>>> print(open('coords_19.cif').read())   # mmCIF, C-alpha atoms
data_final
loop_
_atom_site.label_atom_id
_atom_site.label_comp_id
_atom_site.auth_asym_id
_atom_site.auth_seq_id
_atom_site.Cartn_x
_atom_site.Cartn_y
_atom_site.Cartn_z
CA MET H 1 315.45 141.44 -90.53
CA ASN H 2 316.39 143.39 -93.64
CA ARG H 3 318.96 146.20 -93.79
CA LYS H 4 316.35 148.97 -93.60
CA ASP H 5 314.80 147.45 -90.45
CA GLU H 6 318.27 147.01 -88.91
CA ASP H 7 319.10 150.69 -89.54
CA LYS H 8 315.78 151.77 -88.03
CA PHE H 9 316.41 149.59 -84.96
CA VAL H 10 319.95 151.00 -84.55
CA ASP H 11 318.62 154.58 -84.88
CA GLN H 12 315.93 153.92 -82.24
CA GLU H 13 318.52 152.42 -79.92
CA LYS H 14 320.81 155.47 -80.37
CA THR H 15 317.90 157.85 -79.70
CA GLN H 16 316.95 155.92 -76.59
CA LYS H 17 320.53 156.02 -75.27
CA LYS H 18 320.77 159.74 -76.02
CA ASN H 19 317.46 160.39 -74.24
CA THR H 20 318.63 158.37 -71.24
CA MET H 21 321.86 160.33 -71.07
CA THR H 22 320.00 163.63 -71.47
CA LYS H 23 317.58 162.65 -68.69
CA GLU H 24 320.50 161.79 -66.39
CA CYS H 25 322.16 165.14 -67.13
CA ILE H 26 318.91 167.03 -66.48
CA PHE H 27 318.24 165.14 -63.24
CA THR H 28 321.80 165.70 -61.99
CA ALA H 29 321.57 169.38 -62.91
CA LEU H 30 318.33 169.75 -60.96
CA LEU H 31 319.79 167.94 -57.96
CA ILE H 32 322.87 170.21 -57.92
CA LEU H 33 320.69 173.29 -58.26
CA MET H 34 318.41 172.10 -55.43
CA GLU H 35 321.49 171.99 -53.21
CA GLN H 36 322.39 175.57 -54.16
CA LYS H 37 319.04 177.38 -54.45
CA THR H 38 315.49 177.09 -53.27
CA TYR H 39 313.30 174.96 -55.53
CA GLU H 40 311.15 177.96 -56.40
CA GLU H 41 314.19 179.93 -57.62
CA ILE H 42 315.25 177.21 -60.07
CA THR H 43 314.13 177.88 -63.64
CA ILE H 44 313.95 175.57 -66.63
CA THR H 45 316.67 177.72 -68.21
CA ASP H 46 318.88 177.13 -65.15
CA ILE H 47 318.38 173.38 -65.42
CA ALA H 48 318.98 173.26 -69.19
CA LYS H 49 322.15 175.38 -68.92
CA ARG H 50 323.54 173.30 -66.05
CA ALA H 51 322.71 170.07 -67.92
CA GLY H 52 324.23 171.35 -71.16
CA VAL H 53 321.04 170.80 -73.15
CA SER H 54 318.65 173.06 -75.02
CA ARG H 55 315.27 174.05 -73.62
CA MET H 56 313.76 172.15 -76.58
CA SER H 57 315.54 168.97 -75.45
CA TYR H 58 314.30 169.59 -71.93
CA TYR H 59 310.68 170.00 -73.05
CA ARG H 60 310.91 166.95 -75.29
CA LEU H 61 311.43 164.88 -72.13
CA TYR H 62 309.70 166.82 -69.34
CA ARG H 63 306.78 169.15 -68.75
CA SER H 64 307.99 170.68 -65.47
CA LYS H 65 310.60 170.50 -62.69
CA ASP H 66 308.24 168.27 -60.73
CA ASP H 67 308.08 165.92 -63.70
CA ILE H 68 311.86 165.35 -63.47
CA LEU H 69 311.55 164.26 -59.85
CA ILE H 70 308.41 162.19 -60.35
CA GLN H 71 309.94 160.30 -63.28
CA HIS H 72 313.11 159.71 -61.26
CA PHE H 73 311.10 158.48 -58.25
CA ASN H 74 309.17 156.16 -60.56
CA GLU H 75 312.45 154.74 -61.91
CA ILE H 76 313.72 154.16 -58.37
CA PHE H 77 310.48 152.46 -57.34
CA ALA H 78 310.36 150.36 -60.52
CA GLU H 79 313.89 149.15 -59.73
CA LEU H 80 312.78 148.36 -56.18
CA LEU H 81 309.76 146.48 -57.49
CA ASN H 82 311.98 144.37 -59.74
CA GLU H 83 314.30 143.55 -56.84
CA ILE H 84 311.33 142.51 -54.72
CA LYS H 85 309.82 140.41 -57.50
CA ASN H 86 313.17 138.66 -57.96
CA THR H 87 313.45 137.79 -54.26
CA GLU H 88 311.73 134.43 -53.88
CA GLY H 89 309.53 134.19 -50.78
CA ILE H 90 310.45 137.64 -49.54
CA SER H 91 309.92 138.22 -45.84
CA LYS H 92 308.62 141.46 -44.37
CA TYR H 93 312.10 142.11 -42.98
CA GLN H 94 313.67 141.69 -46.45
CA PHE H 95 310.95 143.92 -47.91
CA SER H 96 311.69 146.69 -45.40
CA LEU H 97 315.43 146.22 -45.83
CA LEU H 98 315.20 146.70 -49.60
CA ILE H 99 313.18 149.89 -49.11
CA PHE H 100 315.66 151.30 -46.59
CA GLN H 101 318.66 150.31 -48.72
CA GLN H 102 317.12 152.14 -51.65
CA ALA H 103 316.52 155.18 -49.42
CA LYS H 104 320.15 155.10 -48.26
CA GLU H 105 321.40 154.86 -51.86
CA ASN H 106 319.32 157.94 -52.70
CA GLU H 107 320.14 159.90 -49.55
CA ARG H 108 321.40 162.94 -51.45
CA LEU H 109 318.15 163.16 -53.43
CA LEU H 110 316.01 162.63 -50.35
CA LYS H 111 317.79 165.40 -48.46
CA ALA H 112 317.37 167.77 -51.41
CA VAL H 113 313.66 166.90 -51.58
CA LEU H 114 313.26 167.54 -47.86
CA ARG H 115 315.15 170.84 -48.10
CA ALA H 116 312.90 171.89 -51.00
CA LYS H 117 309.83 170.99 -48.95
CA LEU H 118 308.76 168.47 -51.59
CA TYR H 119 308.42 165.59 -49.15
CA GLU H 120 304.68 165.30 -49.90
CA MET H 121 305.42 164.65 -53.59
CA LEU H 122 307.89 161.91 -52.68
CA LEU H 123 305.58 160.45 -50.06
CA LYS H 124 302.72 160.31 -52.55
CA CYS H 125 304.86 158.32 -55.04
CA PHE H 126 306.23 156.14 -52.24
CA ILE H 127 302.82 155.32 -50.80
CA GLN H 128 301.47 154.47 -54.23
CA TYR H 129 304.21 151.89 -54.79
CA CYS H 130 304.29 150.55 -51.24
CA SER H 131 300.52 150.13 -51.12
CA TYR H 132 300.77 148.03 -54.26
CA LEU H 133 303.75 146.07 -52.92
CA VAL H 134 302.27 145.41 -49.49
CA GLU H 135 298.97 144.27 -51.00
CA LYS H 136 300.57 142.04 -53.64
CA ILE H 137 303.30 140.58 -51.46
CA PHE H 138 301.81 140.42 -47.98
CA GLY H 139 298.05 140.86 -48.62
CA GLN H 140 295.20 139.72 -46.41
CA ASP H 141 296.39 136.12 -46.24
CA GLN H 142 299.39 137.25 -44.20
CA GLY H 143 297.13 138.85 -41.56
CA LEU H 144 297.96 142.40 -42.62
CA ASP H 145 294.72 144.37 -42.84
CA PRO H 146 294.60 147.57 -44.94
CA VAL H 147 294.64 149.87 -41.88
CA THR H 148 297.76 148.19 -40.50
CA ALA H 149 299.38 148.22 -43.95
CA ASP H 150 298.74 151.98 -44.28
CA TYR H 151 300.15 152.56 -40.79
CA LEU H 152 303.29 150.59 -41.63
CA ILE H 153 303.74 152.42 -44.93
CA TYR H 154 303.51 155.85 -43.29
CA GLU H 155 305.76 154.63 -40.51
CA GLU H 156 308.35 153.35 -42.98
CA ALA H 157 308.23 156.54 -45.02
CA GLY H 158 308.63 158.78 -41.99
CA ARG H 159 310.82 156.79 -39.62
CA PHE H 160 313.89 156.66 -41.80
CA SER H 161 314.10 160.17 -40.41
CA LEU H 162 315.70 162.36 -42.96
CA GLU H 163 315.66 165.08 -40.35
CA ARG H 164 317.98 162.92 -38.23
CA GLY H 165 320.38 162.51 -41.12
CA MET H 166 319.56 158.86 -41.81
CA LYS H 167 321.83 157.80 -38.99
CA GLU H 168 320.30 154.35 -38.61
CA SER H 169 321.46 151.66 -41.01
CA PRO H 170 318.94 150.06 -43.38
CA GLU H 171 319.33 146.84 -41.36
CA LYS H 172 318.47 148.62 -38.10
CA MET H 173 315.46 150.31 -39.68
CA ALA H 174 314.20 147.00 -41.09
CA LYS H 175 314.54 145.46 -37.61
CA MET H 176 312.61 148.40 -36.15
CA MET H 177 309.84 147.83 -38.71
CA GLU H 178 309.75 144.17 -37.77
CA GLN H 179 309.37 145.16 -34.12
CA ILE H 180 306.63 147.68 -34.92
CA GLU H 181 304.68 144.97 -36.74
CA VAL H 182 305.09 142.55 -33.83
CA ASN H 183 303.76 145.20 -31.45
CA LEU H 184 300.84 146.03 -33.77
CA THR H 185 299.73 142.43 -34.11
CA LYS H 186 299.68 141.74 -30.36
#
>>> encode(input="coords_19.cif", output="structure tokens")
Amino acid sequence: MNRKDEDKFVDQEKTQKKNTMTKECIFTALLILMEQKTYEEITITDIAKRAGVSRMSYYRLYRSKDDILIQHFNEIFAELLNEIKNTEGISKYQFSLLIFQQAKENERLLKAVLRAKLYEMLLKCFIQYCSYLVEKIFGQDQGLDPVTADYLIYEEAGRFSLERGMKESPEKMAKMMEQIEVNLTK
């Protein structure tokens, strides 16, 4: 690699780090604002000011408020997918446990989403990833037909019960999912 290529690589790396930091600031700003105002009251100007970035920086990275949340959900689910892929011979219990642990780690976000009545947006992203995961990991050969898989996905998404304050531990929720599956397959 010559000097010019090295400089270009370093510049790209710096830009990527700056964009990552800007995205984190924007996401955190939106989350704080969602805890203080209704989602509809939050403006792009509010988010940019709170994040300490210009509107131009905001629009370089996002098209809308929803886009911030969708990109963040996608990052969370991509991380979950990597964890699952790296777990050799993952059981359905381990699969559920990883999902519930991720939900617990993101409890503040999930509560803000519920308060903003954006649960459908989250659920849509969640179902997309879980459908893929269930099919790829547990597919037909494990005796899990598509109707049962859909039922389990909806059950998992809803039963962590944000409305109840996520009182159950991820371990307890994974056990409950295991029990639901046992009852469904009888």
>>> residues_around(input="coords_19.cif", residues="stretch 102-115 of chain H", least_positions_apart="4", cutoff="7 Å", atoms="all atoms listed in the file", output="number ranges by chain")
H: 31, 34-35, 98, 119, 162
>>> closest_residue(input="coords_19.cif", among="H:Ala116, H:Leu80, H:Met176, H:Ile44", to="H:Tyr58", atoms="all atoms listed in the file")
H:Ile44
>>> atom_distance(input="coords_19.cif", atom1="atom CA of H:Thr87", atom2="atom CA of H:Ser169")
20.8 Å
>>> closest_residue(input="coords_19.cif", among="H:Lys172, H:Thr43, H:Arg63, H:Phe126", to="H:Leu81", atoms="all atoms listed in the file")
H:Phe126
>>> axis_aligned_box(input="coords_19.cif", around="stretch 17-32 of chain H", padding_each_side="5 Å", output="AutoDock Vina command-line options")
--center_x 320.2 --center_y 163.1 --center_z -67.0 --size_x 15.4 --size_y 24.2 --size_z 28.1
>>> resolve_selection(input="coords_19.cif", expression="the PyMOL selection byres ((chain H and resi 24) around 12)", output="MDAnalysis selection string")
chainID H and resid 17:23 25:31 47:48 50:53 58 61 68:69 71:72 75
>>> atom_distance(input="coords_19.cif", atom1="atom CA of H:Leu123", atom2="atom CA of H:Tyr59")
25.4 Å
>>> closest_residue(input="coords_19.cif", among="H:Met121, H:Met173, H:Lys14, H:Ser54", to="H:Phe95", atoms="only C-alpha atoms")
H:Met173
>>> atom_distance(input="coords_19.cif", atom1="atom CA of H:Gln36", atom2="atom CA of H:Phe77")
26.2 Å
>>> resolve_selection(input="coords_19.cif", expression="the PyMOL selection byres ((chain H and resi 92) around 9)", output="list in words")
Ile90, Ser91, Tyr93, Gln94, Phe95, Ser96, Leu97, Ile137, Phe138, Ala174, Met177 and Glu178 of chain H
>>> build_atoms(input="coords_19.cif", residues="stretch 29-49 of chain H", atoms="N, CA and C atoms", output="PDB file, in the frame of the given file")
ATOM      1  N   ALA H  29     321.571 167.922 -62.948  1.00  0.00           N
ATOM      2  CA  ALA H  29     321.570 169.380 -62.910  1.00  0.00           C
ATOM      3  C   ALA H  29     320.555 169.892 -61.895  1.00  0.00           C
ATOM      4  N   LEU H  30     319.355 169.331 -61.914  1.00  0.00           N
ATOM      5  CA  LEU H  30     318.330 169.750 -60.960  1.00  0.00           C
ATOM      6  C   LEU H  30     318.780 169.462 -59.532  1.00  0.00           C
ATOM      7  N   LEU H  31     319.336 168.307 -59.296  1.00  0.00           N
ATOM      8  CA  LEU H  31     319.790 167.940 -57.960  1.00  0.00           C
ATOM      9  C   LEU H  31     320.854 168.918 -57.454  1.00  0.00           C
ATOM     10  N   ILE H  32     321.819 169.248 -58.292  1.00  0.00           N
ATOM     11  CA  ILE H  32     322.870 170.210 -57.920  1.00  0.00           C
ATOM     12  C   ILE H  32     322.252 171.564 -57.616  1.00  0.00           C
ATOM     13  N   LEU H  33     321.341 171.996 -58.470  1.00  0.00           N
ATOM     14  CA  LEU H  33     320.690 173.290 -58.260  1.00  0.00           C
ATOM     15  C   LEU H  33     319.857 173.309 -56.986  1.00  0.00           C
ATOM     16  N   MET H  34     319.210 172.192 -56.661  1.00  0.00           N
ATOM     17  CA  MET H  34     318.410 172.100 -55.430  1.00  0.00           C
ATOM     18  C   MET H  34     319.292 172.226 -54.193  1.00  0.00           C
ATOM     19  N   GLU H  35     320.554 171.855 -54.329  1.00  0.00           N
ATOM     20  CA  GLU H  35     321.490 171.990 -53.210  1.00  0.00           C
ATOM     21  C   GLU H  35     322.018 173.414 -53.081  1.00  0.00           C
ATOM     22  N   GLN H  36     321.847 174.218 -54.132  1.00  0.00           N
ATOM     23  CA  GLN H  36     322.390 175.570 -54.160  1.00  0.00           C
ATOM     24  C   GLN H  36     321.331 176.657 -54.002  1.00  0.00           C
ATOM     25  N   LYS H  37     320.107 176.381 -54.444  1.00  0.00           N
ATOM     26  CA  LYS H  37     319.040 177.380 -54.450  1.00  0.00           C
ATOM     27  C   LYS H  37     317.762 176.763 -53.892  1.00  0.00           C
ATOM     28  N   THR H  38     316.796 177.630 -53.631  1.00  0.00           N
ATOM     29  CA  THR H  38     315.490 177.090 -53.270  1.00  0.00           C
ATOM     30  C   THR H  38     314.850 176.544 -54.539  1.00  0.00           C
ATOM     31  N   TYR H  39     313.963 175.605 -54.387  1.00  0.00           N
ATOM     32  CA  TYR H  39     313.300 174.960 -55.530  1.00  0.00           C
ATOM     33  C   TYR H  39     312.556 175.997 -56.372  1.00  0.00           C
ATOM     34  N   GLU H  40     311.916 176.947 -55.702  1.00  0.00           N
ATOM     35  CA  GLU H  40     311.150 177.960 -56.400  1.00  0.00           C
ATOM     36  C   GLU H  40     312.031 178.863 -57.261  1.00  0.00           C
ATOM     37  N   GLU H  41     313.276 179.068 -56.871  1.00  0.00           N
ATOM     38  CA  GLU H  41     314.190 179.930 -57.620  1.00  0.00           C
ATOM     39  C   GLU H  41     314.752 179.255 -58.879  1.00  0.00           C
ATOM     40  N   ILE H  42     314.668 177.954 -58.940  1.00  0.00           N
ATOM     41  CA  ILE H  42     315.250 177.210 -60.070  1.00  0.00           C
ATOM     42  C   ILE H  42     314.332 177.334 -61.279  1.00  0.00           C
ATOM     43  N   THR H  43     314.903 177.751 -62.398  1.00  0.00           N
ATOM     44  CA  THR H  43     314.130 177.880 -63.640  1.00  0.00           C
ATOM     45  C   THR H  43     314.513 176.748 -64.601  1.00  0.00           C
ATOM     46  N   ILE H  44     313.666 176.566 -65.596  1.00  0.00           N
ATOM     47  CA  ILE H  44     313.950 175.570 -66.630  1.00  0.00           C
ATOM     48  C   ILE H  44     315.239 175.950 -67.349  1.00  0.00           C
ATOM     49  N   THR H  45     315.437 177.240 -67.572  1.00  0.00           N
ATOM     50  CA  THR H  45     316.670 177.720 -68.210  1.00  0.00           C
ATOM     51  C   THR H  45     317.884 177.346 -67.371  1.00  0.00           C
ATOM     52  N   ASP H  46     317.783 177.518 -66.047  1.00  0.00           N
ATOM     53  CA  ASP H  46     318.880 177.130 -65.150  1.00  0.00           C
ATOM     54  C   ASP H  46     319.219 175.646 -65.310  1.00  0.00           C
ATOM     55  N   ILE H  47     318.179 174.826 -65.320  1.00  0.00           N
ATOM     56  CA  ILE H  47     318.380 173.380 -65.420  1.00  0.00           C
ATOM     57  C   ILE H  47     319.013 173.012 -66.765  1.00  0.00           C
ATOM     58  N   ALA H  48     318.462 173.563 -67.844  1.00  0.00           N
ATOM     59  CA  ALA H  48     318.980 173.260 -69.190  1.00  0.00           C
ATOM     60  C   ALA H  48     320.434 173.686 -69.322  1.00  0.00           C
ATOM     61  N   LYS H  49     320.761 174.897 -68.843  1.00  0.00           N
ATOM     62  CA  LYS H  49     322.150 175.380 -68.920  1.00  0.00           C
ATOM     63  C   LYS H  49     323.085 174.465 -68.140  1.00  0.00           C
TER      64      LYS H  49
END
